[in-house]
Each structure stands twice: as C-alpha cells, then as structure tokens.
file coords_27.pdb (PDB, C-alpha atoms)
ATOM      1  CA  MET U   1     142.242 110.336 118.496  1.00  0.00           C
ATOM      2  CA  GLU U   2     139.500 109.544 115.983  1.00  0.00           C
ATOM      3  CA  ARG U   3     137.875 111.524 113.172  1.00  0.00           C
ATOM      4  CA  ASP U   4     134.674 110.543 111.361  1.00  0.00           C
ATOM      5  CA  ASN U   5     134.621 107.145 113.121  1.00  0.00           C
ATOM      6  CA  ILE U   6     137.910 106.182 111.489  1.00  0.00           C
ATOM      7  CA  THR U   7     140.802 105.153 113.733  1.00  0.00           C
ATOM      8  CA  ARG U   8     143.986 106.501 112.138  1.00  0.00           C
ATOM      9  CA  ILE U   9     147.174 104.906 113.439  1.00  0.00           C
ATOM     10  CA  CYS U  10     150.466 106.676 112.743  1.00  0.00           C
ATOM     11  CA  LEU U  11     153.467 104.474 113.411  1.00  0.00           C
ATOM     12  CA  TRP U  12     156.539 106.666 113.942  1.00  0.00           C
ATOM     13  CA  SER U  13     159.477 104.346 113.413  1.00  0.00           C
ATOM     14  CA  GLY U  14     163.124 104.433 112.521  1.00  0.00           C
ATOM     15  CA  PRO U  15     164.620 102.443 109.632  1.00  0.00           C
ATOM     16  CA  ARG U  16     165.665  98.783 109.916  1.00  0.00           C
ATOM     17  CA  ASN U  17     163.096  98.235 112.603  1.00  0.00           C
ATOM     18  CA  ILE U  18     160.078  95.920 112.394  1.00  0.00           C
ATOM     19  CA  SER U  19     157.847  98.660 111.014  1.00  0.00           C
ATOM     20  CA  THR U  20     157.144  96.754 107.797  1.00  0.00           C
ATOM     21  CA  THR U  21     156.367  93.631 109.828  1.00  0.00           C
ATOM     22  CA  LEU U  22     153.821  95.629 111.813  1.00  0.00           C
ATOM     23  CA  MET U  23     152.360  96.996 108.580  1.00  0.00           C
ATOM     24  CA  TYR U  24     151.971  93.430 107.286  1.00  0.00           C
ATOM     25  CA  SER U  25     150.447  92.438 110.620  1.00  0.00           C
ATOM     26  CA  PHE U  26     147.792  95.162 110.534  1.00  0.00           C
ATOM     27  CA  ALA U  27     147.118  94.420 106.862  1.00  0.00           C
ATOM     28  CA  GLN U  28     145.736  91.017 107.897  1.00  0.00           C
ATOM     29  CA  ARG U  29     142.767  92.712 109.572  1.00  0.00           C
ATOM     30  CA  ASN U  30     139.581  92.918 107.516  1.00  0.00           C
ATOM     31  CA  ASP U  31     138.814  96.331 109.017  1.00  0.00           C
ATOM     32  CA  THR U  32     142.203  97.899 108.230  1.00  0.00           C
ATOM     33  CA  LEU U  33     143.816  99.728 105.307  1.00  0.00           C
ATOM     34  CA  VAL U  34     147.609 100.190 105.341  1.00  0.00           C
ATOM     35  CA  PHE U  35     149.903 102.794 103.756  1.00  0.00           C
ATOM     36  CA  ASP U  36     153.666 102.416 103.365  1.00  0.00           C
ATOM     37  CA  GLU U  37     155.701 105.549 104.226  1.00  0.00           C
ATOM     38  CA  PRO U  38     153.534 108.151 102.494  1.00  0.00           C
ATOM     39  CA  LEU U  39     155.921 110.950 103.551  1.00  0.00           C
ATOM     40  CA  TYR U  40     158.997 109.376 101.933  1.00  0.00           C
ATOM     41  CA  ALA U  41     158.996 111.620  98.838  1.00  0.00           C
ATOM     42  CA  HIS U  42     158.448 114.707 101.013  1.00  0.00           C
ATOM     43  CA  TYR U  43     161.557 113.724 102.960  1.00  0.00           C
ATOM     44  CA  LEU U  44     163.647 113.068  99.858  1.00  0.00           C
ATOM     45  CA  SER U  45     162.575 116.355  98.269  1.00  0.00           C
ATOM     46  CA  ASN U  46     163.677 118.331 101.342  1.00  0.00           C
ATOM     47  CA  THR U  47     167.088 116.770 102.023  1.00  0.00           C
ATOM     48  CA  ASN U  48     170.150 115.540 100.186  1.00  0.00           C
ATOM     49  CA  ALA U  49     169.025 111.987 101.041  1.00  0.00           C
ATOM     50  CA  ASN U  50     167.784 111.814  97.456  1.00  0.00           C
ATOM     51  CA  GLU U  51     171.461 111.540  96.475  1.00  0.00           C
ATOM     52  CA  TYR U  52     172.090 108.274  98.336  1.00  0.00           C
ATOM     53  CA  HIS U  53     168.743 106.546  98.973  1.00  0.00           C
ATOM     54  CA  PRO U  54     168.211 103.680  96.515  1.00  0.00           C
ATOM     55  CA  GLY U  55     165.326 104.299  94.124  1.00  0.00           C
ATOM     56  CA  ALA U  56     165.050 107.978  95.115  1.00  0.00           C
ATOM     57  CA  GLU U  57     164.386 109.289  91.596  1.00  0.00           C
ATOM     58  CA  GLU U  58     161.500 106.875  91.027  1.00  0.00           C
ATOM     59  CA  ILE U  59     160.037 107.617  94.460  1.00  0.00           C
ATOM     60  CA  LEU U  60     160.136 111.371  93.847  1.00  0.00           C
ATOM     61  CA  SER U  61     158.520 111.053  90.426  1.00  0.00           C
ATOM     62  CA  SER U  62     155.689 108.755  91.514  1.00  0.00           C
ATOM     63  CA  MET U  63     154.699 109.911  95.022  1.00  0.00           C
ATOM     64  CA  GLU U  64     153.291 113.134  96.443  1.00  0.00           C
ATOM     65  CA  ASN U  65     156.222 115.416  97.334  1.00  0.00           C
ATOM     66  CA  ASP U  66     154.183 117.895  99.391  1.00  0.00           C
ATOM     67  CA  GLY U  67     154.025 116.692 102.988  1.00  0.00           C
ATOM     68  CA  GLU U  68     151.062 118.929 103.821  1.00  0.00           C
ATOM     69  CA  LYS U  69     149.029 117.255 101.065  1.00  0.00           C
ATOM     70  CA  VAL U  70     150.065 113.846 102.410  1.00  0.00           C
ATOM     71  CA  ILE U  71     148.764 114.825 105.848  1.00  0.00           C
ATOM     72  CA  GLU U  72     145.486 115.936 104.262  1.00  0.00           C
ATOM     73  CA  MET U  73     145.240 112.477 102.701  1.00  0.00           C
ATOM     74  CA  MET U  74     145.954 110.797 106.006  1.00  0.00           C
ATOM     75  CA  LEU U  75     143.188 112.771 107.702  1.00  0.00           C
ATOM     76  CA  GLY U  76     140.783 112.319 104.797  1.00  0.00           C
ATOM     77  CA  ASN U  77     138.095 109.725 104.155  1.00  0.00           C
ATOM     78  CA  HIS U  78     139.035 106.065 103.790  1.00  0.00           C
ATOM     79  CA  ASP U  79     137.136 102.893 103.011  1.00  0.00           C
ATOM     80  CA  LYS U  80     138.018 101.048 106.233  1.00  0.00           C
ATOM     81  CA  SER U  81     137.338 101.838 109.887  1.00  0.00           C
ATOM     82  CA  VAL U  82     141.037 101.498 110.770  1.00  0.00           C
ATOM     83  CA  VAL U  83     143.867 103.033 108.734  1.00  0.00           C
ATOM     84  CA  PHE U  84     147.513 102.235 109.496  1.00  0.00           C
ATOM     85  CA  PHE U  85     150.215 104.615 108.274  1.00  0.00           C
ATOM     86  CA  LYS U  86     153.740 103.253 108.509  1.00  0.00           C
ATOM     87  CA  ASN U  87     155.978 106.325 108.791  1.00  0.00           C
ATOM     88  CA  MET U  88     159.645 107.032 109.377  1.00  0.00           C
ATOM     89  CA  THR U  89     160.018 109.652 112.089  1.00  0.00           C
ATOM     90  CA  HIS U  90     162.757 111.552 110.261  1.00  0.00           C
ATOM     91  CA  HIS U  91     160.397 112.070 107.311  1.00  0.00           C
ATOM     92  CA  LEU U  92     158.615 114.746 109.390  1.00  0.00           C
ATOM     93  CA  LEU U  93     160.665 117.616 108.021  1.00  0.00           C
ATOM     94  CA  ASN U  94     159.272 121.163 108.293  1.00  0.00           C
ATOM     95  CA  LEU U  95     155.766 119.886 109.016  1.00  0.00           C
ATOM     96  CA  ASP U  96     153.194 121.091 111.543  1.00  0.00           C
ATOM     97  CA  PHE U  97     152.742 118.374 114.176  1.00  0.00           C
ATOM     98  CA  SER U  98     149.264 119.555 115.203  1.00  0.00           C
ATOM     99  CA  PHE U  99     147.558 116.860 113.096  1.00  0.00           C
ATOM    100  CA  MET U 100     148.860 114.298 115.582  1.00  0.00           C
ATOM    101  CA  LYS U 101     146.089 115.179 118.014  1.00  0.00           C
ATOM    102  CA  ASP U 102     143.693 113.558 115.525  1.00  0.00           C
ATOM    103  CA  VAL U 103     145.533 110.253 115.119  1.00  0.00           C
ATOM    104  CA  VAL U 104     146.753 107.395 117.301  1.00  0.00           C
ATOM    105  CA  ASN U 105     150.506 107.873 117.690  1.00  0.00           C
ATOM    106  CA  VAL U 106     152.748 104.837 118.145  1.00  0.00           C
ATOM    107  CA  ILE U 107     156.517 105.245 118.438  1.00  0.00           C
ATOM    108  CA  LEU U 108     158.500 102.150 117.436  1.00  0.00           C
ATOM    109  CA  THR U 109     162.148 101.998 118.441  1.00  0.00           C
ATOM    110  CA  ARG U 110     165.003  99.515 118.360  1.00  0.00           C
ATOM    111  CA  ASP U 111     168.324  99.194 120.130  1.00  0.00           C
ATOM    112  CA  PRO U 112     170.779 101.180 117.975  1.00  0.00           C
ATOM    113  CA  ILE U 113     173.455  98.556 118.692  1.00  0.00           C
ATOM    114  CA  GLU U 114     171.373  96.235 116.525  1.00  0.00           C
ATOM    115  CA  MET U 115     169.835  98.734 114.123  1.00  0.00           C
ATOM    116  CA  LEU U 116     172.837 100.789 112.996  1.00  0.00           C
ATOM    117  CA  PRO U 117     174.932  97.960 111.469  1.00  0.00           C
ATOM    118  CA  SER U 118     171.861  96.745 109.576  1.00  0.00           C
ATOM    119  CA  PHE U 119     171.124 100.206 108.174  1.00  0.00           C
ATOM    120  CA  ASP U 120     174.778 100.768 107.284  1.00  0.00           C
ATOM    121  CA  LYS U 121     174.613  97.805 104.887  1.00  0.00           C
ATOM    122  CA  VAL U 122     172.298  99.812 102.606  1.00  0.00           C
ATOM    123  CA  ILE U 123     173.034 103.452 103.538  1.00  0.00           C
ATOM    124  CA  LYS U 124     176.748 103.735 104.212  1.00  0.00           C
ATOM    125  CA  ASN U 125     178.039 105.899 107.074  1.00  0.00           C
ATOM    126  CA  PRO U 126     174.640 107.234 108.207  1.00  0.00           C
ATOM    127  CA  SER U 127     174.190 110.322 110.368  1.00  0.00           C
ATOM    128  CA  ILE U 128     171.798 110.906 113.277  1.00  0.00           C
ATOM    129  CA  ASP U 129     169.445 112.615 110.803  1.00  0.00           C
ATOM    130  CA  ASP U 130     169.135 109.368 108.842  1.00  0.00           C
ATOM    131  CA  VAL U 131     168.069 107.101 111.695  1.00  0.00           C
ATOM    132  CA  GLY U 132     165.245 108.908 113.484  1.00  0.00           C
ATOM    133  CA  TYR U 133     166.131 108.574 117.182  1.00  0.00           C
ATOM    134  CA  GLU U 134     166.454 112.293 117.852  1.00  0.00           C
ATOM    135  CA  MET U 135     163.144 113.018 116.141  1.00  0.00           C
ATOM    136  CA  GLN U 136     161.449 110.310 118.195  1.00  0.00           C
ATOM    137  CA  THR U 137     162.364 112.023 121.453  1.00  0.00           C
ATOM    138  CA  LYS U 138     161.303 115.364 119.972  1.00  0.00           C
ATOM    139  CA  LEU U 139     157.928 113.783 119.257  1.00  0.00           C
ATOM    140  CA  VAL U 140     157.688 112.551 122.845  1.00  0.00           C
ATOM    141  CA  ASP U 141     158.388 116.082 124.091  1.00  0.00           C
ATOM    142  CA  TYR U 142     155.710 117.448 121.762  1.00  0.00           C
ATOM    143  CA  PHE U 143     153.157 114.854 122.874  1.00  0.00           C
ATOM    144  CA  GLN U 144     153.817 115.552 126.535  1.00  0.00           C
ATOM    145  CA  GLU U 145     153.709 119.330 126.113  1.00  0.00           C
ATOM    146  CA  ASN U 146     150.387 119.122 124.249  1.00  0.00           C
ATOM    147  CA  ASN U 147     148.753 116.355 126.296  1.00  0.00           C
ATOM    148  CA  ILE U 148     148.595 113.989 123.305  1.00  0.00           C
ATOM    149  CA  LYS U 149     148.395 110.299 124.115  1.00  0.00           C
ATOM    150  CA  TYR U 150     151.009 108.016 122.600  1.00  0.00           C
ATOM    151  CA  VAL U 151     152.415 104.485 122.874  1.00  0.00           C
ATOM    152  CA  VAL U 152     156.072 103.451 122.751  1.00  0.00           C
ATOM    153  CA  LEU U 153     157.009  99.989 121.450  1.00  0.00           C
ATOM    154  CA  ASP U 154     160.417  98.339 121.466  1.00  0.00           C
ATOM    155  CA  SER U 155     160.947  95.929 118.574  1.00  0.00           C
ATOM    156  CA  LYS U 156     162.763  93.371 120.734  1.00  0.00           C
ATOM    157  CA  LYS U 157     159.797  93.018 123.080  1.00  0.00           C
ATOM    158  CA  VAL U 158     157.416  92.658 120.138  1.00  0.00           C
ATOM    159  CA  LEU U 159     159.517  89.906 118.561  1.00  0.00           C
ATOM    160  CA  ILE U 160     159.860  88.031 121.841  1.00  0.00           C
ATOM    161  CA  ASN U 161     156.122  88.049 122.557  1.00  0.00           C
ATOM    162  CA  PRO U 162     154.177  89.335 119.542  1.00  0.00           C
ATOM    163  CA  LYS U 163     150.748  88.133 120.647  1.00  0.00           C
ATOM    164  CA  ASP U 164     150.789  89.870 124.021  1.00  0.00           C
ATOM    165  CA  GLU U 165     152.443  93.010 122.654  1.00  0.00           C
ATOM    166  CA  LEU U 166     149.914  93.278 119.823  1.00  0.00           C
ATOM    167  CA  ARG U 167     147.018  92.617 122.177  1.00  0.00           C
ATOM    168  CA  ASN U 168     148.240  95.379 124.487  1.00  0.00           C
ATOM    169  CA  LEU U 169     148.732  97.721 121.531  1.00  0.00           C
ATOM    170  CA  CYS U 170     145.227  97.069 120.229  1.00  0.00           C
ATOM    171  CA  ASN U 171     143.812  97.696 123.709  1.00  0.00           C
ATOM    172  CA  SER U 172     145.688 101.015 123.859  1.00  0.00           C
ATOM    173  CA  ILE U 173     144.372 101.984 120.432  1.00  0.00           C
ATOM    174  CA  GLY U 174     140.804 100.944 121.282  1.00  0.00           C
ATOM    175  CA  ILE U 175     140.365  98.234 118.661  1.00  0.00           C
ATOM    176  CA  PRO U 176     139.899  94.487 119.193  1.00  0.00           C
ATOM    177  CA  PHE U 177     142.900  92.216 118.839  1.00  0.00           C
ATOM    178  CA  ASP U 178     142.712  89.850 115.855  1.00  0.00           C
ATOM    179  CA  ASP U 179     144.670  86.553 115.796  1.00  0.00           C
ATOM    180  CA  HIS U 180     145.097  86.968 112.044  1.00  0.00           C
ATOM    181  CA  MET U 181     147.637  89.708 112.829  1.00  0.00           C
ATOM    182  CA  LEU U 182     150.193  87.047 113.777  1.00  0.00           C
ATOM    183  CA  HIS U 183     150.536  85.299 110.387  1.00  0.00           C
ATOM    184  CA  TRP U 184     150.526  86.029 106.657  1.00  0.00           C
ATOM    185  CA  LYS U 185     151.562  84.513 103.340  1.00  0.00           C
ATOM    186  CA  ALA U 186     155.226  84.718 102.339  1.00  0.00           C
ATOM    187  CA  GLU U 187     154.884  87.230  99.530  1.00  0.00           C
ATOM    188  CA  ALA U 188     155.033  90.906  98.674  1.00  0.00           C
ATOM    189  CA  ARG U 189     151.984  93.105  99.261  1.00  0.00           C
ATOM    190  CA  LYS U 190     150.382  95.539  96.847  1.00  0.00           C
ATOM    191  CA  GLU U 191     150.858  98.304  99.423  1.00  0.00           C
ATOM    192  CA  ASP U 192     154.655  97.903  99.460  1.00  0.00           C
ATOM    193  CA  GLY U 193     156.549 101.049  98.569  1.00  0.00           C
ATOM    194  CA  LEU U 194     158.795 101.234  95.510  1.00  0.00           C
ATOM    195  CA  TRP U 195     161.754 100.771  97.847  1.00  0.00           C
ATOM    196  CA  ALA U 196     160.695  97.211  98.770  1.00  0.00           C
ATOM    197  CA  GLU U 197     163.278  95.645  96.460  1.00  0.00           C
ATOM    198  CA  TYR U 198     166.071  97.241  98.483  1.00  0.00           C
ATOM    199  CA  TRP U 199     164.723  96.747 102.008  1.00  0.00           C
ATOM    200  CA  TYR U 200     162.008  94.048 102.202  1.00  0.00           C
ATOM    201  CA  LYS U 201     163.773  90.794 101.343  1.00  0.00           C
ATOM    202  CA  ASN U 202     163.262  89.274 104.796  1.00  0.00           C
ATOM    203  CA  ILE U 203     159.614  90.289 105.188  1.00  0.00           C
ATOM    204  CA  HIS U 204     158.751  88.839 101.775  1.00  0.00           C
ATOM    205  CA  THR U 205     159.971  85.407 102.868  1.00  0.00           C
ATOM    206  CA  SER U 206     158.382  85.546 106.318  1.00  0.00           C
ATOM    207  CA  THR U 207     155.038  84.140 107.428  1.00  0.00           C
ATOM    208  CA  GLY U 208     154.869  86.000 110.720  1.00  0.00           C
ATOM    209  CA  PHE U 209     156.983  87.709 113.367  1.00  0.00           C
ATOM    210  CA  ILE U 210     160.528  86.350 113.117  1.00  0.00           C
ATOM    211  CA  ALA U 211     161.851  85.148 116.482  1.00  0.00           C
ATOM    212  CA  TYR U 212     164.268  87.567 118.134  1.00  0.00           C
ATOM    213  CA  LYS U 213     167.939  86.625 117.908  1.00  0.00           C
ATOM    214  CA  PRO U 214     170.602  88.784 119.563  1.00  0.00           C
ATOM    215  CA  LYS U 215     173.382  90.038 117.323  1.00  0.00           C
ATOM    216  CA  THR U 216     176.696  88.222 117.730  1.00  0.00           C
ATOM    217  CA  THR U 217     178.934  90.101 115.285  1.00  0.00           C
ATOM    218  CA  PRO U 218     181.189  92.849 116.677  1.00  0.00           C
ATOM    219  CA  PHE U 219     179.835  96.382 116.443  1.00  0.00           C
ATOM    220  CA  PRO U 220     181.578  98.326 113.627  1.00  0.00           C
ATOM    221  CA  ASN U 221     184.100 100.849 114.891  1.00  0.00           C
ATOM    222  CA  HIS U 222     183.128 103.491 112.357  1.00  0.00           C
ATOM    223  CA  LEU U 223     179.565 103.562 113.757  1.00  0.00           C
ATOM    224  CA  LYS U 224     180.527 104.015 117.416  1.00  0.00           C
ATOM    225  CA  PRO U 225     180.319 107.856 117.404  1.00  0.00           C
ATOM    226  CA  LEU U 226     176.799 107.631 115.948  1.00  0.00           C
ATOM    227  CA  LEU U 227     175.885 104.950 118.494  1.00  0.00           C
ATOM    228  CA  ASN U 228     176.915 107.305 121.296  1.00  0.00           C
ATOM    229  CA  ASP U 229     174.648 109.985 119.836  1.00  0.00           C
ATOM    230  CA  CYS U 230     171.679 107.616 119.512  1.00  0.00           C
ATOM    231  CA  LEU U 231     171.849 105.786 122.852  1.00  0.00           C
ATOM    232  CA  PRO U 232     170.560 108.657 125.062  1.00  0.00           C
ATOM    233  CA  HIS U 233     167.477 108.977 122.861  1.00  0.00           C
ATOM    234  CA  TYR U 234     166.888 105.227 122.916  1.00  0.00           C
ATOM    235  CA  GLN U 235     167.271 105.088 126.702  1.00  0.00           C
ATOM    236  CA  LYS U 236     164.735 107.897 127.102  1.00  0.00           C
ATOM    237  CA  LEU U 237     162.247 105.951 124.957  1.00  0.00           C
ATOM    238  CA  LEU U 238     162.779 102.747 126.940  1.00  0.00           C
ATOM    239  CA  GLU U 239     161.869 104.578 130.141  1.00  0.00           C
ATOM    240  CA  LEU U 240     158.430 105.305 128.643  1.00  0.00           C
ATOM    241  CA  ILE U 241     157.483 101.692 127.941  1.00  0.00           C
TER
END

call {"tool": "encode", "arguments": {"input": "coords_27.pdb", "output": "structure tokens"}}
result
Amino acid sequence: MERDNITRICLWSGPRNISTTLMYSFAQRNDTLVFDEPLYAHYLSNTNANEYHPGAEEILSSMENDGEKVIEMMLGNHDKSVVFFKNMTHHLLNLDFSFMKDVVNVILTRDPIEMLPSFDKVIKNPSIDDVGYEMQTKLVDYFQENNIKYVVLDSKKVLINPKDELRNLCNSIGIPFDDHMLHWKAEARKEDGLWAEYWYKNIHTSTGFIAYKPKTTPFPNHLKPLLNDCLPHYQKLLELI
C-alpha cells in the first residue's frame, strides 16, 4: 500500500458527499499533499457528461484528459510523505484497476435518500452512472477478488463523530492522527478544482466538519426509481463498515 515511502490515499467517493470536507481535513496536515478529482477531465472526455456538467469545457481544456497519465502522476514522486487524492468513483472509466494495489483505498458513501436530492439541484435528473454507487460495489468486488485492503466510510458517521472516525481512519492507513484535521479557516483552497464555484459554497464557509442534520423535506418523486437502483449498493457498503 506504499511506494517509495509515500503513503498514497485514494478516496473513492460519490458526488454530494463529504469528500471535499475530507480533502480539506487532510490538507491541514503538514505531511500531506492533496489533489482534487484529478480524473475529472478523463471522465468528461469519455462520456456525454461534458454536455451537462457545469464548467466542463474549462475543465477539459485545463486538465489532463488521459486517465492513464493521471494514474502515472498519482503513483509518481511527490514532495510530501502522504498524498491524498479525492476521486469520484464513476470517474474510473475504462481504466485498469491494478494500480490500486499500490495505494490506500478508502470508499466514502452516503445514504442516497440524502445525496440524490442534493445532486439533483445541480445535475438535473441524474442516472445511476452519475452518482457512483454501482461503481463503488464493483470496486469492493475487485478488492476482495484481488486481496486488496480497503476501508469503507459512511459520511453520516463521520459527521456525527469526526474525531473518532478520523482517528480510526488514520490508524487503518498507518499514519498518526493529527488534531489539526478537525478545523480550518473558512476560505477556498488553492487545490480546489475549477468546479468549486458550482459545488463548494458550503465548504468555503465552514471551519470544520458540519454537524449532521437529518433531511426533513420530502423525497422527490422523480428520483424514486434511481433511489431504488442505488439502495442495494448502499446497503452492501454499509455491511462492510
């Protein structure tokens, strides 16, 4: 799970999760370098998502479009002993998963009852290919078939008890927990992707993990078929925590 004494952490998340919060958390460590969704342009260049993702043209023109080259970068030399790659699971299109044996794999999931309405506010009428749940369970199958260690996190548990969840995560990774991971300044970070203006409003005004609050608004009817598709994958992930 390490190469050249560098611990490479690949977070495999879905959208509208707390993946950016975790990226900000790890960025508070003096020993850690963070990257924001380096495979985003690869994903956009291989799907029609470039037609409806905000900022797609700018992302495609300014980021590496070749996913294999992005993986080479991830496995390459870095200036810090810990490198944190925030990734969306569904960005792993047509890529060889074998590099995952050389990184620390962390799957981050969220109850689709809470995630789907949030995502639908930016990407209208999403499909299962947009939200990552199916690819997360495919990753679990791959890890189990190839004896690759992995960790599954549920965003609700992290928000309810961030200190204990982060401490346990750090122990699983093999790095010391750092109290600085719990707080940060309310501002944007230089590592933010170009898409921050569309997605990062809440994180930019936060100073730490925002307390969990259950959703109280009714679930949208038009998303119920997608919810039914996502729930079996989410339940399978919960059983692994």

call {"tool": "resolve_selection", "arguments": {"input": "coords_27.pdb", "expression": "the PyMOL selection byres ((chain U and resi 86-94) around 6)", "output": "compact mmCIF listing (two decimals) with C-alpha atoms, in the frame of the given file"}}
result
# COMPACT_ATOMS: atom_id res chain seq x y z
CA LEU U 11 153.47 104.47 113.41
CA TRP U 12 156.54 106.67 113.94
CA SER U 13 159.48 104.35 113.41
CA GLY U 14 163.12 104.43 112.52
CA ASP U 36 153.67 102.42 103.36
CA GLU U 37 155.70 105.55 104.23
CA LEU U 39 155.92 110.95 103.55
CA TYR U 43 161.56 113.72 102.96
CA PHE U 85 150.22 104.62 108.27
CA LEU U 95 155.77 119.89 109.02
CA GLY U 132 165.24 108.91 113.48

call {"tool": "closest_atom_pairs", "arguments": {"input": "coords_27.pdb", "of": "stretch 37-125 of chain U", "to": "stretch 216-226 of chain U", "cutoff": "9 Å", "atoms": "all atoms listed in the file", "output": "CSV"}}
result
residue,atom,partner,partner_atom,distance
U:Ile113,CA,U:Phe219,CA,7.1
U:Glu114,CA,U:Phe219,CA,8.5
U:Leu116,CA,U:Leu223,CA,7.3
U:Pro117,CA,U:Pro220,CA,7.0
U:Asp120,CA,U:Leu223,CA,8.5
U:Asn125,CA,U:Leu223,CA,7.2

call {"tool": "residues_around", "arguments": {"input": "coords_27.pdb", "residues": "stretch 192-202 of chain U", "least_positions_apart": "3", "cutoff": "9 Å", "atoms": "all atoms listed in the file", "output": "PyMOL selection string"}}
result
chain U and resi 16+20+35-38+54-56+58-59+122+188-189+205-206

call {"tool": "atom_distance", "arguments": {"input": "coords_27.pdb", "atom1": "atom CA of U:Ser127", "atom2": "atom CA of U:Leu44"}}
result
15.1 Å

call {"tool": "residues_around", "arguments": {"input": "coords_27.pdb", "residues": "U:Ala41", "least_positions_apart": "4", "cutoff": "10 Å", "atoms": "only C-alpha atoms", "output": "PyMOL selection string"}}
result
chain U and resi 37+45-46+50+56-67+70+91

call {"tool": "closest_residue", "arguments": {"input": "coords_27.pdb", "among": "U:Phe26, U:Tyr150, U:Tyr234, U:Phe84", "to": "U:Ile6", "atoms": "all atoms listed in the file"}}
result
U:Phe84

call {"tool": "closest_residue", "arguments": {"input": "coords_27.pdb", "among": "U:Val152, U:Ile9, U:Leu159, U:Cys230", "to": "U:Ile128", "atoms": "only C-alpha atoms"}}
result
U:Cys230

call {"tool": "atom_distance", "arguments": {"input": "coords_27.pdb", "atom1": "atom CA of U:Lys69", "atom2": "atom CA of U:Val131"}}
result
24.1 Å

call {"tool": "atom_distance", "arguments": {"input": "coords_27.pdb", "atom1": "atom CA of U:His204", "atom2": "atom CA of U:Ala186"}}
result
5.5 Å

call {"tool": "resolve_selection", "arguments": {"input": "coords_27.pdb", "expression": "the PyMOL selection byres ((chain U and resi 182) around 8)", "output": "PyMOL selection string"}}
result
chain U and resi 25+162-163+179-181+183-184+208-209

call {"tool": "write_last_selection", "arguments": {"input": "coords_27.pdb", "atoms": "C-alpha atoms", "output": "PDB file, in the frame of the given file"}}
result
ATOM      1  CA  SER U  25     150.447  92.438 110.620  1.00  0.00           C
ATOM      2  CA  PRO U 162     154.177  89.335 119.542  1.00  0.00           C
ATOM      3  CA  LYS U 163     150.748  88.133 120.647  1.00  0.00           C
ATOM      4  CA  ASP U 179     144.670  86.553 115.796  1.00  0.00           C
ATOM      5  CA  HIS U 180     145.097  86.968 112.044  1.00  0.00           C
ATOM      6  CA  MET U 181     147.637  89.708 112.829  1.00  0.00           C
ATOM      7  CA  HIS U 183     150.536  85.299 110.387  1.00  0.00           C
ATOM      8  CA  TRP U 184     150.526  86.029 106.657  1.00  0.00           C
ATOM      9  CA  GLY U 208     154.869  86.000 110.720  1.00  0.00           C
ATOM     10  CA  PHE U 209     156.983  87.709 113.367  1.00  0.00           C
TER      11      PHE U 209
END

call {"tool": "residues_around", "arguments": {"input": "coords_27.pdb", "residues": "U:Arg8", "least_positions_apart": "2", "cutoff": "9 Å", "atoms": "only C-alpha atoms", "output": "VMD selection string"}}
result
chain U and resid 1 to 3 6 10 74 to 75 81 to 85 102 to 105

call {"tool": "residues_near_point", "arguments": {"input": "coords_27.pdb", "point": "(156.9, 108.9, 123.9)", "cutoff": "12 Å", "atoms": "all atoms listed in the file", "output": "short mmCIF file (atom, residue, chain, number, x, y, z; two decimals) with C-alpha atoms, in the frame of the given file"}}
result
data_model
loop_
_atom_site.label_atom_id
_atom_site.label_comp_id
_atom_site.auth_asym_id
_atom_site.auth_seq_id
_atom_site.Cartn_x
_atom_site.Cartn_y
_atom_site.Cartn_z
CA LEU U 11 153.47 104.47 113.41
CA TRP U 12 156.54 106.67 113.94
CA SER U 13 159.48 104.35 113.41
CA ASN U 105 150.51 107.87 117.69
CA VAL U 106 152.75 104.84 118.14
CA ILE U 107 156.52 105.24 118.44
CA LEU U 108 158.50 102.15 117.44
CA THR U 109 162.15 102.00 118.44
CA TYR U 133 166.13 108.57 117.18
CA GLU U 134 166.45 112.29 117.85
CA MET U 135 163.14 113.02 116.14
CA GLN U 136 161.45 110.31 118.20
CA THR U 137 162.36 112.02 121.45
CA LYS U 138 161.30 115.36 119.97
CA LEU U 139 157.93 113.78 119.26
CA VAL U 140 157.69 112.55 122.84
CA ASP U 141 158.39 116.08 124.09
CA TYR U 142 155.71 117.45 121.76
CA PHE U 143 153.16 114.85 122.87
CA GLN U 144 153.82 115.55 126.54
CA GLU U 145 153.71 119.33 126.11
CA ASN U 147 148.75 116.36 126.30
CA ILE U 148 148.60 113.99 123.30
CA LYS U 149 148.40 110.30 124.12
CA TYR U 150 151.01 108.02 122.60
CA VAL U 151 152.42 104.48 122.87
CA VAL U 152 156.07 103.45 122.75
CA LEU U 153 157.01 99.99 121.45
CA ASP U 154 160.42 98.34 121.47
CA HIS U 233 167.48 108.98 122.86
CA TYR U 234 166.89 105.23 122.92
CA GLN U 235 167.27 105.09 126.70
CA LYS U 236 164.74 107.90 127.10
CA LEU U 237 162.25 105.95 124.96
CA LEU U 238 162.78 102.75 126.94
CA GLU U 239 161.87 104.58 130.14
CA LEU U 240 158.43 105.30 128.64
CA ILE U 241 157.48 101.69 127.94
#

call {"tool": "resolve_selection", "arguments": {"input": "coords_27.pdb", "expression": "the PyMOL selection byres ((chain U and resi 31) around 8)", "output": "ChimeraX atom specification"}}
result
/U:29-30,32-33,80-82
